[in-house]
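What follows is the content of query.csv (CSV, C-alpha atoms).
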```csv
chain,number,residue,atom,x,y,z
A,1,MET,CA,80.0,-59.2,-76.7
A,2,ILE,CA,81.5,-56.8,-79.3
A,3,ASN,CA,79.7,-56.7,-82.7
A,4,LEU,CA,81.4,-58.9,-85.3
A,5,LYS,CA,81.2,-56.0,-87.8
A,6,LYS,CA,83.1,-53.7,-85.5
A,7,ILE,CA,85.9,-56.3,-85.1
A,8,LEU,CA,86.1,-56.7,-88.9
A,9,ILE,CA,86.2,-53.0,-89.4
A,10,VAL,CA,89.1,-52.7,-86.9
A,11,PHE,CA,90.9,-55.6,-88.5
A,12,LEU,CA,90.7,-53.9,-91.9
A,13,LEU,CA,92.0,-50.7,-90.3
A,14,ALA,CA,95.0,-52.8,-89.1
A,15,ALA,CA,95.4,-54.2,-92.6
A,16,ALA,CA,95.4,-50.7,-93.9
A,17,ILE,CA,98.5,-50.0,-91.8
A,18,LEU,CA,100.6,-52.1,-94.2
A,19,SER,CA,98.8,-51.0,-97.3
A,20,GLY,CA,97.9,-47.4,-96.4
A,21,CYS,CA,94.2,-47.2,-97.5
A,22,THR,CA,92.2,-44.6,-95.7
A,23,SER,CA,88.9,-45.9,-97.0
A,24,PHE,CA,89.2,-48.5,-94.3
A,25,LEU,CA,90.3,-45.9,-91.7
A,26,GLN,CA,87.0,-44.0,-92.0
A,27,LYS,CA,84.6,-46.9,-91.7
A,28,GLU,CA,84.1,-46.7,-88.0
A,29,ASN,CA,83.4,-43.0,-88.2
A,30,SER,CA,80.9,-43.7,-91.0
A,31,LYS,CA,79.1,-46.1,-88.7
A,32,ASP,CA,78.7,-43.5,-86.0
A,33,LEU,CA,77.5,-41.0,-88.5
A,34,LEU,CA,75.0,-43.4,-90.0
A,35,GLU,CA,73.6,-44.4,-86.6
A,36,ASN,CA,73.3,-40.8,-85.5
A,37,SER,CA,72.1,-39.2,-88.7
A,38,HIS,CA,68.4,-39.9,-87.7
A,39,PRO,CA,68.4,-40.6,-84.0
A,40,GLU,CA,64.7,-39.7,-83.6
A,41,ASN,CA,63.5,-42.6,-85.7
A,42,LYS,CA,66.1,-45.0,-87.0
A,43,SER,CA,63.5,-47.5,-88.2
A,44,GLU,CA,62.2,-45.1,-90.9
A,45,GLU,CA,63.7,-45.2,-94.4
A,46,ILE,CA,66.4,-42.6,-94.8
A,47,ASN,CA,65.9,-40.0,-97.5
A,48,GLN,CA,68.9,-40.6,-99.7
A,49,GLU,CA,68.8,-37.2,-101.3
A,50,LYS,CA,69.2,-35.5,-97.9
A,51,ASN,CA,71.4,-38.1,-96.3
A,52,PRO,CA,75.1,-38.0,-97.5
A,53,PHE,CA,75.9,-41.5,-96.3
A,54,LYS,CA,74.6,-43.5,-99.2
A,55,ILE,CA,75.4,-47.2,-99.2
A,56,SER,CA,77.8,-48.1,-102.0
A,57,ASN,CA,77.1,-51.1,-104.2
A,58,GLU,CA,80.1,-50.7,-106.4
A,59,THR,CA,83.1,-53.0,-106.5
A,60,ARG,CA,86.3,-51.0,-105.9
A,61,ASN,CA,89.9,-51.7,-106.7
A,62,PHE,CA,92.5,-49.9,-104.5
A,63,LEU,CA,96.2,-49.5,-105.2
A,64,LEU,CA,98.0,-49.5,-101.8
A,65,ILE,CA,101.6,-48.3,-101.8
A,66,GLY,CA,104.2,-48.5,-99.0
A,67,VAL,CA,107.2,-46.3,-99.9
A,68,ASP,CA,110.8,-46.6,-98.8
A,69,SER,CA,110.9,-43.0,-97.6
A,70,ARG,CA,111.8,-41.3,-94.4
A,71,GLY,CA,110.8,-37.9,-95.7
A,72,GLU,CA,113.0,-37.8,-98.9
A,73,GLU,CA,111.4,-36.3,-102.0
A,74,ASP,CA,112.4,-39.2,-104.3
A,75,SER,CA,111.6,-42.7,-103.1
A,76,ARG,CA,110.6,-46.2,-104.5
A,77,SER,CA,107.6,-48.2,-103.7
A,78,ASP,CA,108.6,-50.9,-101.2
A,79,ALA,CA,105.2,-52.6,-101.0
A,80,ILE,CA,102.7,-52.7,-103.8
A,81,LEU,CA,99.3,-54.2,-103.2
A,82,LEU,CA,95.9,-54.3,-105.0
A,83,ALA,CA,92.8,-54.6,-102.8
A,84,ARG,CA,89.4,-55.4,-104.1
A,85,TYR,CA,86.3,-54.9,-102.1
A,86,GLU,CA,82.9,-56.2,-103.3
A,87,PRO,CA,80.0,-55.1,-101.2
A,88,SER,CA,78.0,-58.2,-102.2
A,89,GLY,CA,80.7,-60.6,-101.0
A,90,ASP,CA,82.1,-61.7,-97.7
A,91,SER,CA,85.8,-61.3,-98.3
A,92,ILE,CA,88.5,-58.7,-99.2
A,93,LYS,CA,91.0,-59.8,-101.8
A,94,LEU,CA,94.6,-58.6,-101.5
A,95,VAL,CA,97.2,-59.1,-104.2
A,96,SER,CA,100.9,-58.5,-103.5
A,97,LEU,CA,102.7,-57.3,-106.7
A,98,MET,CA,106.4,-58.1,-106.6
A,99,ARG,CA,108.3,-54.9,-106.9
A,100,ASP,CA,111.1,-56.4,-109.1
A,101,SER,CA,108.6,-57.5,-111.8
A,102,TYR,CA,109.9,-56.5,-115.2
A,103,VAL,CA,107.1,-54.4,-116.7
A,104,LYS,CA,106.5,-51.9,-119.5
A,105,ILE,CA,106.5,-48.4,-118.1
A,106,PRO,CA,104.6,-45.8,-120.2
A,107,ASP,CA,106.8,-43.2,-121.9
A,108,TYR,CA,109.9,-44.6,-120.1
A,109,THR,CA,113.3,-44.2,-121.9
A,110,TYR,CA,114.2,-48.0,-121.7
A,111,THR,CA,110.5,-49.0,-122.1
A,112,TYR,CA,110.8,-51.8,-119.5
A,113,SER,CA,112.1,-51.7,-115.9
A,114,LYS,CA,111.2,-52.8,-112.4
A,115,LEU,CA,107.6,-52.2,-111.3
A,116,ASN,CA,108.7,-50.1,-108.3
A,117,HIS,CA,110.8,-47.9,-110.7
A,118,ALA,CA,107.5,-46.5,-112.0
A,119,TYR,CA,106.8,-44.9,-108.7
A,120,TYR,CA,110.3,-43.5,-108.5
A,121,ILE,CA,110.1,-41.7,-111.8
A,122,GLY,CA,106.4,-40.8,-111.9
A,123,GLY,CA,104.8,-41.3,-108.5
A,124,LYS,CA,101.5,-43.0,-107.7
A,125,GLU,CA,99.9,-41.9,-111.0
A,126,LEU,CA,102.5,-43.6,-113.2
A,127,LEU,CA,102.6,-46.7,-111.0
A,128,LYS,CA,98.8,-46.9,-111.3
A,129,GLU,CA,99.0,-46.5,-115.1
A,130,THR,CA,101.8,-49.1,-115.3
A,131,ILE,CA,99.8,-51.7,-113.4
A,132,GLU,CA,96.6,-51.0,-115.4
A,133,GLN,CA,98.4,-51.4,-118.7
A,134,ASN,CA,100.5,-54.5,-117.8
A,135,PHE,CA,97.9,-56.5,-115.9
A,136,GLY,CA,94.6,-55.2,-117.2
A,137,VAL,CA,93.2,-54.2,-113.8
A,138,PRO,CA,91.4,-50.9,-113.5
A,139,ILE,CA,92.2,-49.0,-110.3
A,140,ASP,CA,89.7,-46.7,-108.7
A,141,HIS,CA,91.7,-45.2,-105.9
A,142,THR,CA,95.3,-45.0,-104.6
A,143,ALA,CA,96.8,-44.6,-101.2
A,144,VAL,CA,100.4,-44.1,-100.0
A,145,ILE,CA,102.1,-44.5,-96.7
A,146,ASP,CA,105.8,-44.0,-95.9
A,147,PHE,CA,108.0,-45.6,-93.2
A,148,GLN,CA,107.4,-43.0,-90.5
A,149,GLY,CA,103.7,-43.1,-91.1
A,150,PHE,CA,103.8,-46.9,-90.8
A,151,ILE,CA,105.6,-46.8,-87.5
A,152,LYS,CA,103.4,-44.2,-86.0
A,153,MET,CA,100.2,-45.9,-87.1
A,154,LEU,CA,101.5,-49.2,-85.8
A,155,ASP,CA,102.4,-47.8,-82.4
A,156,ALA,CA,99.0,-46.2,-82.2
A,157,ILE,CA,97.0,-49.4,-83.0
A,158,ALA,CA,99.3,-52.0,-81.6
A,159,PRO,CA,101.2,-50.3,-78.7
A,160,ASP,CA,102.2,-53.7,-77.2
A,161,GLY,CA,103.6,-55.0,-80.4
A,162,ILE,CA,102.9,-58.0,-82.6
A,163,GLU,CA,104.2,-61.5,-82.0
A,164,VAL,CA,106.3,-62.9,-84.8
A,165,ASN,CA,108.9,-65.6,-85.3
A,166,VAL,CA,112.4,-64.0,-85.4
A,167,THR,CA,115.3,-65.8,-86.9
A,168,SER,CA,119.0,-65.5,-86.0
A,169,ALA,CA,119.6,-63.8,-89.4
A,170,MET,CA,116.9,-61.2,-88.7
A,171,ILE,CA,118.3,-60.5,-85.2
A,172,GLU,CA,121.8,-59.9,-86.6
A,173,ASP,CA,120.5,-57.8,-89.5
A,174,MET,CA,118.2,-55.7,-87.4
A,175,GLY,CA,120.7,-55.4,-84.4
A,176,LEU,CA,118.2,-56.7,-81.9
A,177,GLU,CA,119.1,-58.0,-78.4
A,178,LEU,CA,116.7,-60.9,-78.6
A,179,GLU,CA,116.8,-64.7,-78.7
A,180,PRO,CA,115.5,-66.5,-81.9
A,181,GLY,CA,111.9,-67.6,-81.8
A,182,LYS,CA,108.6,-66.1,-80.9
A,183,GLN,CA,109.0,-62.4,-79.9
A,184,LYS,CA,106.9,-59.3,-79.8
A,185,LEU,CA,108.1,-56.5,-82.0
A,186,LYS,CA,106.9,-52.9,-82.0
A,187,GLY,CA,106.8,-50.1,-84.5
A,188,SER,CA,110.3,-49.6,-86.1
A,189,ASP,CA,111.4,-53.2,-85.3
A,190,LEU,CA,108.3,-54.6,-86.9
A,191,LEU,CA,108.9,-52.4,-89.9
A,192,SER,CA,112.4,-54.0,-90.2
A,193,TYR,CA,110.9,-57.4,-89.8
A,194,VAL,CA,108.5,-56.8,-92.7
A,195,ARG,CA,111.3,-55.4,-94.9
A,196,PHE,CA,113.9,-58.1,-94.1
A,197,ARG,CA,115.1,-59.9,-97.2
A,198,HIS,CA,118.7,-61.0,-96.4
A,199,ASP,CA,118.0,-64.7,-96.6
A,200,GLY,CA,117.3,-67.4,-99.3
A,201,GLN,CA,113.7,-66.1,-99.9
A,202,SER,CA,114.7,-62.5,-100.6
A,203,ASP,CA,111.7,-60.4,-101.7
A,204,PHE,CA,109.5,-63.5,-101.7
A,205,GLY,CA,110.0,-63.8,-98.0
A,206,ARG,CA,109.2,-60.1,-97.6
A,207,VAL,CA,105.9,-60.5,-99.4
A,208,ASP,CA,105.1,-63.5,-97.2
A,209,ARG,CA,105.8,-61.5,-94.1
A,210,GLN,CA,103.6,-58.7,-95.3
A,211,GLN,CA,100.7,-61.1,-95.6
A,212,GLU,CA,101.6,-62.8,-92.4
A,213,ILE,CA,101.4,-59.5,-90.5
A,214,LEU,CA,98.0,-58.8,-92.0
A,215,ILE,CA,96.7,-62.1,-90.7
A,216,SER,CA,98.5,-61.9,-87.3
A,217,LEU,CA,97.1,-58.4,-86.7
A,218,LYS,CA,93.6,-59.9,-86.6
A,219,ASP,CA,93.9,-61.4,-83.1
A,220,GLN,CA,95.9,-58.4,-81.9
A,221,VAL,CA,93.3,-55.9,-83.0
A,222,MET,CA,90.4,-58.1,-81.7
A,223,ASN,CA,92.0,-58.1,-78.3
A,224,GLU,CA,92.8,-54.4,-78.4
A,225,PHE,CA,89.3,-53.3,-79.2
A,226,SER,CA,87.1,-55.9,-77.6
A,227,SER,CA,86.6,-53.9,-74.4
A,228,PRO,CA,84.6,-50.7,-73.8
A,229,ALA,CA,87.9,-48.9,-73.1
A,230,GLY,CA,89.4,-50.1,-76.4
A,231,ILE,CA,86.3,-49.1,-78.3
A,232,ALA,CA,86.5,-45.6,-76.7
A,233,ARG,CA,90.1,-45.2,-78.0
A,234,PHE,CA,89.1,-46.0,-81.6
A,235,PRO,CA,88.2,-42.4,-82.8
A,236,ASP,CA,91.5,-41.1,-81.5
A,237,ILE,CA,93.4,-43.9,-83.2
A,238,VAL,CA,91.6,-43.2,-86.5
A,239,SER,CA,92.3,-39.5,-86.2
A,240,GLN,CA,96.0,-40.2,-85.6
A,241,ALA,CA,96.2,-42.8,-88.4
A,242,MET,CA,94.7,-40.5,-91.0
A,243,LYS,CA,97.5,-38.0,-90.6
A,244,TYR,CA,100.0,-40.4,-92.1
A,245,VAL,CA,98.2,-41.5,-95.3
A,246,GLU,CA,98.0,-39.8,-98.6
A,247,THR,CA,94.9,-40.8,-100.7
A,248,ASP,CA,92.7,-39.6,-103.5
A,249,LEU,CA,89.6,-41.0,-101.8
A,250,LYS,CA,87.1,-38.3,-100.8
A,251,LEU,CA,85.3,-38.3,-97.5
A,252,ASP,CA,81.9,-38.9,-98.9
A,253,GLU,CA,83.2,-41.9,-100.9
A,254,ALA,CA,84.9,-43.4,-97.9
A,255,LEU,CA,81.6,-43.0,-95.9
A,256,SER,CA,79.7,-44.6,-98.7
A,257,ILE,CA,82.0,-47.6,-98.8
A,258,GLY,CA,82.0,-47.8,-95.0
A,259,ALA,CA,78.2,-47.9,-95.0
A,260,SER,CA,78.2,-50.7,-97.5
A,261,PHE,CA,80.8,-52.6,-95.5
A,262,LEU,CA,78.6,-52.3,-92.4
A,263,MET,CA,75.7,-53.8,-94.2
A,264,ASN,CA,77.7,-56.6,-95.8
A,265,PRO,CA,80.3,-57.8,-93.2
A,266,VAL,CA,83.5,-59.3,-94.4
A,267,THR,CA,84.7,-62.6,-92.8
A,268,GLU,CA,87.9,-63.4,-94.7
A,269,ILE,CA,90.9,-61.9,-96.4
A,270,GLU,CA,92.1,-63.8,-99.5
A,271,THR,CA,95.6,-63.3,-100.7
A,272,LEU,CA,97.6,-63.8,-103.9
A,273,ARG,CA,101.2,-63.1,-105.0
A,274,VAL,CA,102.1,-61.9,-108.5
A,275,PRO,CA,104.0,-63.4,-110.2
A,276,VAL,CA,102.5,-66.7,-109.3
A,277,SER,CA,104.7,-69.8,-108.9
A,278,ASP,CA,106.6,-71.0,-112.0
A,279,SER,CA,105.6,-68.0,-114.1
A,280,TYR,CA,108.8,-66.0,-114.2
A,281,GLU,CA,112.5,-66.1,-114.8
A,282,ASN,CA,115.4,-64.4,-112.9
A,283,LYS,CA,117.1,-62.0,-115.4
A,284,THR,CA,119.6,-59.2,-115.2
A,285,TYR,CA,119.6,-56.1,-117.3
A,286,GLU,CA,122.3,-53.3,-117.2
A,287,HIS,CA,119.7,-50.5,-116.9
A,288,ALA,CA,117.5,-52.3,-114.4
A,289,GLY,CA,119.6,-54.8,-112.5
A,290,ALA,CA,118.1,-58.1,-111.2
A,291,VAL,CA,114.5,-58.5,-112.3
A,292,LEU,CA,111.7,-61.0,-112.4
A,293,GLN,CA,110.8,-61.5,-116.1
A,294,ILE,CA,107.3,-62.6,-115.9
A,295,ASN,CA,104.9,-64.5,-118.2
A,296,PHE,CA,102.3,-61.8,-118.6
A,297,GLU,CA,99.6,-64.0,-120.1
A,298,GLU,CA,99.8,-66.5,-117.3
A,299,ASN,CA,99.9,-63.9,-114.5
A,300,THR,CA,97.2,-61.7,-116.0
A,301,GLU,CA,94.9,-64.7,-116.3
A,302,ALA,CA,95.7,-65.8,-112.7
A,303,LEU,CA,95.1,-62.3,-111.4
A,304,LYS,CA,91.8,-62.1,-113.3
A,305,GLN,CA,90.6,-65.4,-112.0
A,306,PHE,CA,91.5,-64.5,-108.4
A,307,LEU,CA,89.8,-61.1,-108.5
A,308,GLU,CA,86.7,-62.2,-110.3
A,309,ALA,CA,86.1,-65.7,-108.8
A,310,GLU,CA,83.3,-66.1,-106.5
A,311,LYS,CA,83.9,-67.8,-103.2
A,312,LYS,CA,82.7,-71.4,-103.2
```

As structure tokens, the full file:
Amino acid sequence: MINLKKILIVFLLAAAILSGCTSFLQKENSKDLLENSHPENKSEEINQEKNPFKISNETRNFLLIGVDSRGEEDSRSDAILLARYEPSGDSIKLVSLMRDSYVKIPDYTYTYSKLNHAYYIGGKELLKETIEQNFGVPIDHTAVIDFQGFIKMLDAIAPDGIEVNVTSAMIEDMGLELEPGKQKLKGSDLLSYVRFRHDGQSDFGRVDRQQEILISLKDQVMNEFSSPAGIARFPDIVSQAMKYVETDLKLDEALSIGASFLMNPVTEIETLRVPVSDSYENKTYEHAGAVLQINFEENTEALKQFLEAEKK
């Protein structure tokens, strides 16, 4: 029977497809390196000064950005997520930040605009600074993935597709030759499914589908890598996936986080959407268009409680 830790590592890799975080992509490699670093006597305590794979005990916050780009120089952030990993806990916390949230952007001409506009005018660094200043959450690392990277990673990890519930509106919008109901979608079609917003839920439905895919991928990934043949494919998949992600996370940091993860397995992914329910108004501004004018006090407190609360 496959080790539970291995399953969870692979699941987090699958989650990273949507969010783009290579810290998760390197965990399986870190396990191999940890296991092989002292093959002659694994029971002895490893000398941490000589061994580069130190176990991290630090809580880390990651900014995970999916961008609406197919190679263009200028693009907007299509998916914005915060991920918190606490080595002492048994869960990963994911926060979806609505891209139309009306926020204060540092040094911006109009002062306020949509959250995703920060990435358009200043890239990942300005988006990071904007989130930190508006929501009071320090960010340790950022990672970015674009459309083509998402599709290629998805095809590599889930070549048979992911089962989702496709509506008539989606079929018409995406130009699919399918019947409404449960269908398996692959790469580019699954990207279209995640990005679909031409219904009554608009961007809120899009965020729900992002989180749905993260959860749905769990069973898919478990099936994919539960056999010896599947496990054998893992290094190649990791190698392919890392080509499509841009991150400031260094290899030794990723290995350290991976070692910590192996020692403290995660059993659950908790999710939150910001703004939370009944904490915003729909507004329109000439320079920004339709936005979500949020109650910062309420959302900052909700975010703080979610990230810092211990699981009961």

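Straight-line separation from CA of Ala83 (chain A) to CA of Ser101 (chain A): 18.4 Å.
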
Using all atoms listed in the file, the residue out of A:Pro228, A:Arg99, A:Ser88, A:Tyr244 with shortest distance to Ala156 (chain A) is A:Tyr244

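In this structure, CA of Pro138 (chain A) sits 12.2 Å away from CA of Leu303 (chain A).
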
Restricting to all atoms listed in the file, whichever of A:Asn116, A:Leu97, A:Thr300, A:Val144 is closest to Leu249 (chain A) is A:Val144

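When the distance limit is 12 Å and all atoms listed in the file are what count, the residues near Ala309 (chain A), minus those fewer than 5 positions from it on the same chain, are Arg84, Glu86, Gly89, Ser91, Lys93, Glu270, Glu301, Ala302, Leu303 and Lys304 of chain A.
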
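CA of Ile121 (chain A) is found 28.4 Å from CA of Leu154 (chain A).
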
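Of the listed residues (A:Lys250, A:Ser168, A:Phe135, A:Pro87), A:Phe135 comes nearest to Glu298 (chain A); the distances count all atoms listed in the file.
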
Set the distance at 12 Å and use only C-alpha atoms: which residues neighbour Leu63 (chain A) once local chain neighbours fewer than 6 positions away are removed? I'd like the list as a compact mmCIF listing (two decimals) with C-alpha atoms, in the frame of the given file.
```
# COMPACT_ATOMS: atom_id res chain seq x y z
CA ALA A 16 95.40 -50.70 -93.90
CA SER A 19 98.80 -51.00 -97.30
CA GLY A 20 97.90 -47.40 -96.40
CA CYS A 21 94.20 -47.20 -97.50
CA THR A 22 92.20 -44.60 -95.70
CA SER A 23 88.90 -45.90 -97.00
CA SER A 77 107.60 -48.20 -103.70
CA ALA A 79 105.20 -52.60 -101.00
CA ILE A 80 102.70 -52.70 -103.80
CA LEU A 81 99.30 -54.20 -103.20
CA LEU A 82 95.90 -54.30 -105.00
CA ALA A 83 92.80 -54.60 -102.80
CA ARG A 84 89.40 -55.40 -104.10
CA TYR A 85 86.30 -54.90 -102.10
CA LEU A 94 94.60 -58.60 -101.50
CA VAL A 95 97.20 -59.10 -104.20
CA SER A 96 100.90 -58.50 -103.50
CA LEU A 97 102.70 -57.30 -106.70
CA LYS A 124 101.50 -43.00 -107.70
CA GLU A 125 99.90 -41.90 -111.00
CA LEU A 126 102.50 -43.60 -113.20
CA LEU A 127 102.60 -46.70 -111.00
CA LYS A 128 98.80 -46.90 -111.30
CA GLU A 129 99.00 -46.50 -115.10
CA THR A 130 101.80 -49.10 -115.30
CA ILE A 131 99.80 -51.70 -113.40
CA GLU A 132 96.60 -51.00 -115.40
CA VAL A 137 93.20 -54.20 -113.80
CA PRO A 138 91.40 -50.90 -113.50
CA ILE A 139 92.20 -49.00 -110.30
CA ASP A 140 89.70 -46.70 -108.70
CA HIS A 141 91.70 -45.20 -105.90
CA THR A 142 95.30 -45.00 -104.60
CA ALA A 143 96.80 -44.60 -101.20
CA VAL A 144 100.40 -44.10 -100.00
CA ILE A 145 102.10 -44.50 -96.70
CA GLU A 246 98.00 -39.80 -98.60
CA THR A 247 94.90 -40.80 -100.70
CA ASP A 248 92.70 -39.60 -103.50
CA LEU A 249 89.60 -41.00 -101.80
```

So that I can check the surroundings of Asp68 (chain A), please list as a list in words every protein, DNA and RNA residue that reaches within 8 Å of it, counting all atoms listed in the file and ignoring chain neighbours fewer than 3 positions away.
Ser75, Arg76, Ser77, Asp78, Asp146 and Phe147 of chain A

I'd like the neighbourhood of Asp203 (chain A) as a compact mmCIF listing (two decimals) with C-alpha atoms, in the coordinates of the input, where a residue qualifies if any of its atoms comes within 12 Å (using only C-alpha atoms), though same-chain residues fewer than 3 positions away should be ignored.
```
# COMPACT_ATOMS: atom_id res chain seq x y z
CA ASP A 78 108.60 -50.90 -101.20
CA ALA A 79 105.20 -52.60 -101.00
CA SER A 96 100.90 -58.50 -103.50
CA LEU A 97 102.70 -57.30 -106.70
CA MET A 98 106.40 -58.10 -106.60
CA ARG A 99 108.30 -54.90 -106.90
CA ASP A 100 111.10 -56.40 -109.10
CA SER A 101 108.60 -57.50 -111.80
CA VAL A 194 108.50 -56.80 -92.70
CA ARG A 195 111.30 -55.40 -94.90
CA PHE A 196 113.90 -58.10 -94.10
CA ARG A 197 115.10 -59.90 -97.20
CA HIS A 198 118.70 -61.00 -96.40
CA ASP A 199 118.00 -64.70 -96.60
CA GLY A 200 117.30 -67.40 -99.30
CA ARG A 206 109.20 -60.10 -97.60
CA VAL A 207 105.90 -60.50 -99.40
CA ASP A 208 105.10 -63.50 -97.20
CA ARG A 209 105.80 -61.50 -94.10
CA GLN A 210 103.60 -58.70 -95.30
CA ARG A 273 101.20 -63.10 -105.00
CA VAL A 274 102.10 -61.90 -108.50
CA PRO A 275 104.00 -63.40 -110.20
CA ALA A 290 118.10 -58.10 -111.20
CA VAL A 291 114.50 -58.50 -112.30
CA LEU A 292 111.70 -61.00 -112.40
```
